[in-house]
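Novice: Please find target.txt (compact mmCIF, C-alpha atoms) on the next line:
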# COMPACT_ATOMS: atom_id res chain seq x y z
CA MET A 1 95.66 90.27 98.38
CA LYS A 2 97.77 87.84 96.36
CA GLY A 3 101.08 89.06 94.97
CA PHE A 4 103.46 87.52 92.43
CA ARG A 5 106.06 84.75 92.49
CA ASP A 6 108.61 86.90 90.64
CA ARG A 7 108.91 89.69 88.07
CA ARG A 8 108.42 87.33 85.13
CA GLU A 9 105.07 86.10 86.49
CA ALA A 10 104.08 89.71 87.18
CA GLY A 11 104.83 90.62 83.56
CA ARG A 12 102.68 87.79 82.24
CA ALA A 13 99.78 88.89 84.46
CA LEU A 14 100.14 92.49 83.34
CA ALA A 15 100.25 91.46 79.66
CA TRP A 16 96.65 90.23 79.89
CA GLU A 17 95.55 93.77 80.67
CA LEU A 18 97.43 95.16 77.68
CA GLN A 19 96.05 92.92 74.94
CA ARG A 20 94.59 95.89 73.05
CA TYR A 21 98.17 96.88 72.15
CA ALA A 22 99.19 93.44 70.82
CA GLY A 23 100.83 93.30 67.41
CA ARG A 24 100.55 97.03 66.73
CA PRO A 25 103.48 98.42 64.70
CA ASP A 26 103.27 101.77 66.52
CA VAL A 27 103.73 100.30 70.03
CA LEU A 28 107.03 100.16 71.95
CA ILE A 29 107.67 98.80 75.45
CA LEU A 30 110.16 100.95 77.39
CA ALA A 31 111.19 99.19 80.58
CA LEU A 32 112.83 101.01 83.50
CA PRO A 33 116.02 99.14 84.48
CA ARG A 34 116.77 97.17 86.21
CA GLY A 35 113.71 95.60 87.80
CA GLY A 36 111.30 96.69 85.08
CA VAL A 37 113.14 94.77 82.36
CA PRO A 38 112.03 91.21 83.29
CA VAL A 39 108.45 92.53 83.55
CA GLY A 40 108.72 94.34 80.23
CA TYR A 41 110.28 91.32 78.52
CA GLU A 42 107.27 89.14 79.33
CA ILE A 43 104.89 91.84 78.08
CA ALA A 44 106.86 92.25 74.85
CA GLN A 45 106.82 88.47 74.34
CA ALA A 46 103.07 88.27 74.87
CA LEU A 47 102.15 91.31 72.75
CA HIS A 48 104.76 90.74 70.00
CA VAL A 49 106.04 94.30 70.19
CA PRO A 50 109.58 95.71 70.58
CA LEU A 51 111.33 96.13 73.92
CA ASP A 52 113.85 98.82 74.81
CA VAL A 53 114.95 100.58 77.99
CA LEU A 54 114.57 104.08 79.38
CA ILE A 55 117.17 104.89 82.02
CA VAL A 56 115.74 106.64 85.06
CA ARG A 57 117.47 107.15 88.41
CA LYS A 58 115.80 107.86 91.73
CA LEU A 59 117.18 110.76 93.76
CA GLY A 60 117.35 109.32 97.27
CA VAL A 61 117.36 111.48 100.39
CA PRO A 62 120.91 111.43 101.85
CA GLY A 63 120.97 108.99 104.74
CA TYR A 64 117.54 107.64 103.78
CA GLU A 65 118.23 106.61 100.20
CA GLU A 66 115.08 104.48 99.87
CA LEU A 67 113.02 107.67 100.26
CA ALA A 68 112.80 109.47 96.92
CA MET A 69 113.04 113.23 96.72
CA GLY A 70 112.82 113.06 92.93
CA ALA A 71 114.27 111.35 89.87
CA ILE A 72 116.25 112.03 86.70
CA ALA A 73 115.91 110.50 83.24
CA SER A 74 117.81 110.45 79.97
CA GLY A 75 117.57 113.74 78.11
CA GLY A 76 118.28 116.00 81.07
CA ILE A 77 114.90 115.43 82.74
CA ARG A 78 114.65 116.06 86.48
CA VAL A 79 111.42 115.71 88.47
CA LEU A 80 111.38 116.68 92.15
CA HIS A 81 109.05 115.52 94.93
CA ASP A 82 108.27 118.94 96.43
CA THR A 83 106.48 117.60 99.52
CA VAL A 84 109.45 115.45 100.58
CA ILE A 85 111.91 118.28 99.91
CA GLN A 86 109.89 120.81 101.89
CA ASP A 87 109.11 118.47 104.79
CA LEU A 88 112.79 117.57 105.22
CA GLY A 89 114.15 121.03 104.48
CA LEU A 90 116.47 119.77 101.75
CA SER A 91 118.62 122.48 100.17
CA ALA A 92 119.31 123.08 96.48
CA PRO A 93 123.04 122.19 96.84
CA VAL A 94 122.12 118.83 98.40
CA ILE A 95 119.66 118.07 95.60
CA ASP A 96 122.20 119.10 92.95
CA ARG A 97 124.93 116.92 94.50
CA VAL A 98 122.72 113.83 94.51
CA SER A 99 121.59 114.63 90.96
CA ARG A 100 125.21 114.74 89.73
CA GLU A 101 125.99 111.42 91.40
CA GLU A 102 122.97 109.73 89.86
CA GLU A 103 123.73 111.27 86.47
CA SER A 104 127.02 109.37 86.46
CA GLU A 105 125.22 106.09 87.10
CA LEU A 106 122.62 106.94 84.47
CA LEU A 107 125.34 107.41 81.84
CA ARG A 108 127.06 104.18 82.92
CA ARG A 109 123.84 102.24 82.43
CA GLU A 110 123.16 103.86 79.07
CA HIS A 111 126.52 102.52 77.88
CA ALA A 112 126.14 99.14 79.63
CA TYR A 113 122.74 98.37 78.11
CA ARG A 114 122.96 100.10 74.73
CA GLY A 115 126.64 100.15 73.86
CA HIS A 116 126.84 102.57 70.95
CA ARG A 117 123.23 102.05 69.85
CA PRO A 118 121.29 105.32 70.17
CA PRO A 119 117.82 105.45 71.72
CA ARG A 120 115.01 104.63 69.34
CA PRO A 121 113.06 107.69 68.08
CA LEU A 122 109.68 107.89 69.84
CA GLU A 123 107.88 110.46 67.71
CA GLY A 124 104.41 109.19 66.78
CA LEU A 125 104.67 105.98 68.84
CA THR A 126 102.50 104.63 71.63
CA VAL A 127 105.01 104.02 74.43
CA ILE A 128 104.22 101.65 77.29
CA LEU A 129 106.40 102.49 80.30
CA VAL A 130 106.96 99.44 82.51
CA ASP A 131 108.45 99.00 85.97
CA ASP A 132 108.17 96.25 88.60
CA GLY A 133 106.15 98.50 90.90
CA LEU A 134 105.54 102.03 92.14
CA ALA A 135 105.73 103.56 95.60
CA THR A 136 105.96 107.37 95.35
CA GLY A 137 106.10 107.27 91.55
CA SER A 138 108.99 109.75 91.25
CA THR A 139 110.92 107.65 88.73
CA MET A 140 107.83 107.05 86.61
CA ARG A 141 106.99 110.76 86.55
CA ALA A 142 110.51 111.44 85.25
CA ALA A 143 110.04 108.70 82.65
CA ILE A 144 106.76 110.21 81.47
CA ALA A 145 108.39 113.64 81.14
CA ALA A 146 111.30 112.17 79.16
CA VAL A 147 108.99 110.35 76.74
CA ARG A 148 106.78 113.41 76.30
CA GLN A 149 109.89 115.43 75.49
CA ARG A 150 110.70 112.96 72.72
CA GLN A 151 107.20 113.50 71.25
CA ALA A 152 105.59 110.13 71.79
CA ALA A 153 102.00 110.14 70.53
CA GLU A 154 100.63 108.30 73.57
CA VAL A 155 102.17 107.43 76.94
CA ILE A 156 100.92 104.40 78.86
CA VAL A 157 102.09 103.40 82.35
CA ALA A 158 101.92 99.70 83.24
CA VAL A 159 103.04 98.15 86.53
CA PRO A 160 102.13 94.96 88.40
CA VAL A 161 101.81 96.59 91.84
CA ALA A 162 101.55 100.15 93.11
CA ALA A 163 100.18 102.38 95.82
CA GLU A 164 96.63 103.38 94.86
CA GLU A 165 97.33 107.08 95.44
CA THR A 166 100.31 106.95 93.10
CA CYS A 167 98.27 105.31 90.33
CA GLN A 168 95.61 107.99 90.67
CA GLN A 169 98.19 110.78 90.51
CA LEU A 170 99.83 109.33 87.40
CA ARG A 171 96.49 109.27 85.58
CA HIS A 172 96.81 113.06 85.38
CA GLN A 173 100.13 112.74 83.53
CA ALA A 174 99.83 109.60 81.38
CA ASP A 175 97.20 108.78 78.76
CA ALA A 176 96.39 105.53 80.56
CA VAL A 177 97.61 103.74 83.69
CA TYR A 178 97.46 99.98 84.35
CA CYS A 179 98.14 98.82 87.92
CA THR A 180 97.36 95.10 88.34
CA ILE A 181 97.12 95.25 92.13
CA THR A 182 96.92 98.27 94.44
CA PRO A 183 97.24 96.86 97.97
CA ALA A 184 96.11 98.79 101.01
CA PRO A 185 97.97 99.30 103.18
CA PHE A 186 100.96 99.49 100.85
CA PHE A 187 104.25 98.47 102.51
CA GLY A 188 106.58 98.69 99.52
CA VAL A 189 106.94 96.99 96.15
CA GLY A 190 109.09 94.07 97.34
CA GLN A 191 106.44 92.95 99.84
CA TRP A 192 104.27 91.74 96.96
CA TYR A 193 106.84 89.41 95.39
CA GLU A 194 107.94 86.04 96.74
CA GLN A 195 111.27 86.48 94.93
CA PHE A 196 112.55 90.05 94.63
CA GLU A 197 116.29 89.71 94.15
CA GLN A 198 118.09 92.57 92.44
CA THR A 199 118.15 92.27 88.65
CA SER A 200 121.72 92.30 87.33
CA ASP A 201 123.17 94.23 84.40
CA ASP A 202 123.88 90.90 82.70
CA GLU A 203 120.23 89.86 82.97
CA VAL A 204 119.12 93.19 81.51
CA ARG A 205 121.46 92.76 78.53
CA GLU A 206 120.39 89.16 78.01
CA LEU A 207 116.68 89.97 78.02
CA LEU A 208 117.14 92.90 75.63
CA HIS A 209 119.06 90.59 73.31
CA ARG A 210 116.35 87.90 73.52
CA ALA A 211 113.41 90.30 73.10
CA PRO A 212 111.07 89.03 70.35
CA VAL A 213 111.41 92.14 68.25
CA ALA A 214 114.58 93.92 69.26
CA ALA A 215 114.57 97.70 68.89
CA GLN A 216 117.55 98.05 66.59
CA GLU A 217 116.70 101.35 64.91
Just give me the structure of the file as structure tokens.

Specialist:
Amino acid sequence: MKGFRDRREAGRALAWELQRYAGRPDVLILALPRGGVPVGYEIAQALHVPLDVLIVRKLGVPGYEELAMGAIASGGIRVLHDTVIQDLGLSAPVIDRVSREEESELLRREHAYRGHRPPRPLEGLTVILVDDGLATGSTMRAAIAAVRQRQAAEVIVAVPVAAEETCQQLRHQADAVYCTITPAPFFGVGQWYEQFEQTSDDEVRELLHRAPVAAQE
């Protein structure tokens, strides 16, 4: 199965699947930094809709940080991956400690990307949540919960690559899910990109500034 050259190409491919949302005044792209922002930027360009960010942080298992035991999002949202927690016997104090650490980084990114600009109100909007890919889906589940809390009218998940099982699970939580490719076996998001360097804070700020219709409200 063919992957993508980079996140920008992935965003352009994903935009073709989202044409029904093009030009609608009630649509907002919320990208998950950092890797989701280059993808979301290309979608926003193609659909002529605003781009903003939703800060979500994975809660990594201590010592195995790439394995998610949950995630947190702006607004005090925390979603836990019960199976991972139970299988590894992770205690509440451990989970709380990691949550506090990630909360600090979440607040840092809120300031780095927004400055003093508050998040855009979501009530009544169709929100398209974008990331560069999904493995367990913990961060996206937290994002969905955060957007639901802010009373979005419709929540759409859109990613270039994901595990098939994760896409199926998210269809029970989102109003629609778009996964361009769902490889099997799935070896991780980065395996499906030729270039998968870490996106920098500076690139995130630049793309938000260059977005075709900046969310300034």

Novice: Would you mind listing what lies within 7 Å of segment 103-115 of chain A as number ranges by chain, with all atoms listed in the file counted and same-chain residues fewer than 2 positions away left out?

Specialist: A: 55-57, 99-101, 117, 205

Novice: Residues of segment 31-105 of chain A that have any atom at most 12 Å from an atom of segment 17-21 of chain A: could you tabulate them with the shortest-distance atom pair and the distance in Å to one decimal, using only C-alpha atoms, ordered by chain and increasing number, as CSV?

Specialist:
residue,atom,partner,partner_atom,distance
A:Gly40,CA,A:Leu18,CA,11.6
A:Glu42,CA,A:Leu18,CA,11.7
A:Ile43,CA,A:Leu18,CA,8.2
A:Ala44,CA,A:Tyr21,CA,10.2
A:Gln45,CA,A:Gln19,CA,11.7
A:Ala46,CA,A:Gln19,CA,8.4
A:Leu47,CA,A:Gln19,CA,6.7
A:His48,CA,A:Tyr21,CA,9.3
A:Val49,CA,A:Tyr21,CA,8.5
A:Pro50,CA,A:Tyr21,CA,11.6

Novice: Would you work out the distance separating atom CA of Arg8 of chain A from atom CA of Arg141 of chain A, expressed in Å to one decimal?

Specialist: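 These atoms are spaced 23.5 Å apart.
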
Novice: Find, counting all atoms listed in the file, the residue in A:Ala152, A:Leu59, A:Val94, A:Ala142 that gets nearest to Leu122 of chain A.

Specialist: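 The answer is A:Ala152, which sits nearest to Leu122 of chain A.
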
Novice: Enumerate, as a PDB file with C-alpha atoms, keeping the file's coordinate frame, the protein, DNA and RNA residues whose atoms approach (116.1, 104.9, 80.1) to within 7 Å, taking into account all atoms listed in the file and the coordinate frame of the file.

Specialist:
ATOM      1  CA  LEU A  32     112.830 101.010  83.500  1.00  0.00           C
ATOM      2  CA  VAL A  53     114.950 100.580  77.990  1.00  0.00           C
ATOM      3  CA  LEU A  54     114.570 104.080  79.380  1.00  0.00           C
ATOM      4  CA  ILE A  55     117.170 104.890  82.020  1.00  0.00           C
ATOM      5  CA  VAL A  56     115.740 106.640  85.060  1.00  0.00           C
ATOM      6  CA  ALA A  73     115.910 110.500  83.240  1.00  0.00           C
ATOM      7  CA  SER A  74     117.810 110.450  79.970  1.00  0.00           C
TER       8      SER A  74
END

Novice: Provide the atom CA of Asp6 of chain A to atom CA of Met69 of chain A distance in Å, to one decimal place.

Specialist: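 Distance between the two atoms: 27.4 Å.
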
Novice: Please provide the set of residues having any atom within 9 Å of segment 80-91 of chain A, restricted to all atoms listed in the file, with same-chain residues fewer than 6 positions apart removed, written as a ChimeraX atom specification.

Specialist: /A:59,61,67-72,136,138,142

Novice: Atom CA of Ala31 of chain A to atom CA of Asp96 of chain A: how many Å, to one decimal?

Specialist: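 Rounded to one decimal, the two atoms are 25.9 Å apart.
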
Novice: Quick one: residues within 10 Å of Leu30 of chain A, all atoms listed in the file, excluding same-chain residues fewer than 6 positions away - as a list in words?

Specialist: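 Counting only the stated atoms, we get Gly36, Val37, Gly40, Tyr41, Ala44, Pro50, Leu51, Asp52, Val53, Leu54, Ile55, Val127, Ile128, Leu129, Val130, Asp131, Ala143, Val147, Ile156 and Val157 of chain A.
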
Novice: Using the selection just defined, write its residues with C-alpha atoms as a short mmCIF file (atom, residue, chain, number, x, y, z; two decimals), in the frame of the given file.

Specialist:
data_model
loop_
_atom_site.label_atom_id
_atom_site.label_comp_id
_atom_site.auth_asym_id
_atom_site.auth_seq_id
_atom_site.Cartn_x
_atom_site.Cartn_y
_atom_site.Cartn_z
CA GLY A 36 111.30 96.69 85.08
CA VAL A 37 113.14 94.77 82.36
CA GLY A 40 108.72 94.34 80.23
CA TYR A 41 110.28 91.32 78.52
CA ALA A 44 106.86 92.25 74.85
CA PRO A 50 109.58 95.71 70.58
CA LEU A 51 111.33 96.13 73.92
CA ASP A 52 113.85 98.82 74.81
CA VAL A 53 114.95 100.58 77.99
CA LEU A 54 114.57 104.08 79.38
CA ILE A 55 117.17 104.89 82.02
CA VAL A 127 105.01 104.02 74.43
CA ILE A 128 104.22 101.65 77.29
CA LEU A 129 106.40 102.49 80.30
CA VAL A 130 106.96 99.44 82.51
CA ASP A 131 108.45 99.00 85.97
CA ALA A 143 110.04 108.70 82.65
CA VAL A 147 108.99 110.35 76.74
CA ILE A 156 100.92 104.40 78.86
CA VAL A 157 102.09 103.40 82.35
#

Novice: Hey, what's within 7 Å of Thr180 of chain A if we count all atoms listed in the file and toss same-chain stuff fewer than 4 positions away? As an NGL selection string, please?

Specialist: :A and (14 or 159-161)

Novice: Check the smallest atom-to-atom distance from each of A:Phe196, A:Phe187, A:Tyr178, A:Tyr64 to Trp16 of chain A using all atoms listed in the file, then report the winner.

Specialist: A:Tyr178

Novice: With distances taken over all atoms listed in the file, which residue among A:Glu165, A:Asp26, A:Glu9, A:Glu102 lies nearest Ala153 of chain A?

Specialist: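 Of all the options, A:Asp26 lies closest to Ala153 of chain A.
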
Novice: Which neighbours of segment 167-170 of chain A fall inside 8 Å, counting all atoms listed in the file, when residues of the same chain fewer than 5 positions from it are skipped, and could you give them as a PyMOL selection string?

Specialist: chain A and resi 137+141+162+177+179

Novice: Provide an axis-aligned box for all listed atoms of segment 132-136 of chain A, padding each side by 4 Å; report its centre and its edge lengths in Å to one decimal, as JSON.

Specialist:
{"center_x": 106.9, "center_y": 101.8, "center_z": 92.1, "size_x": 10.6, "size_y": 19.1, "size_z": 15.0}
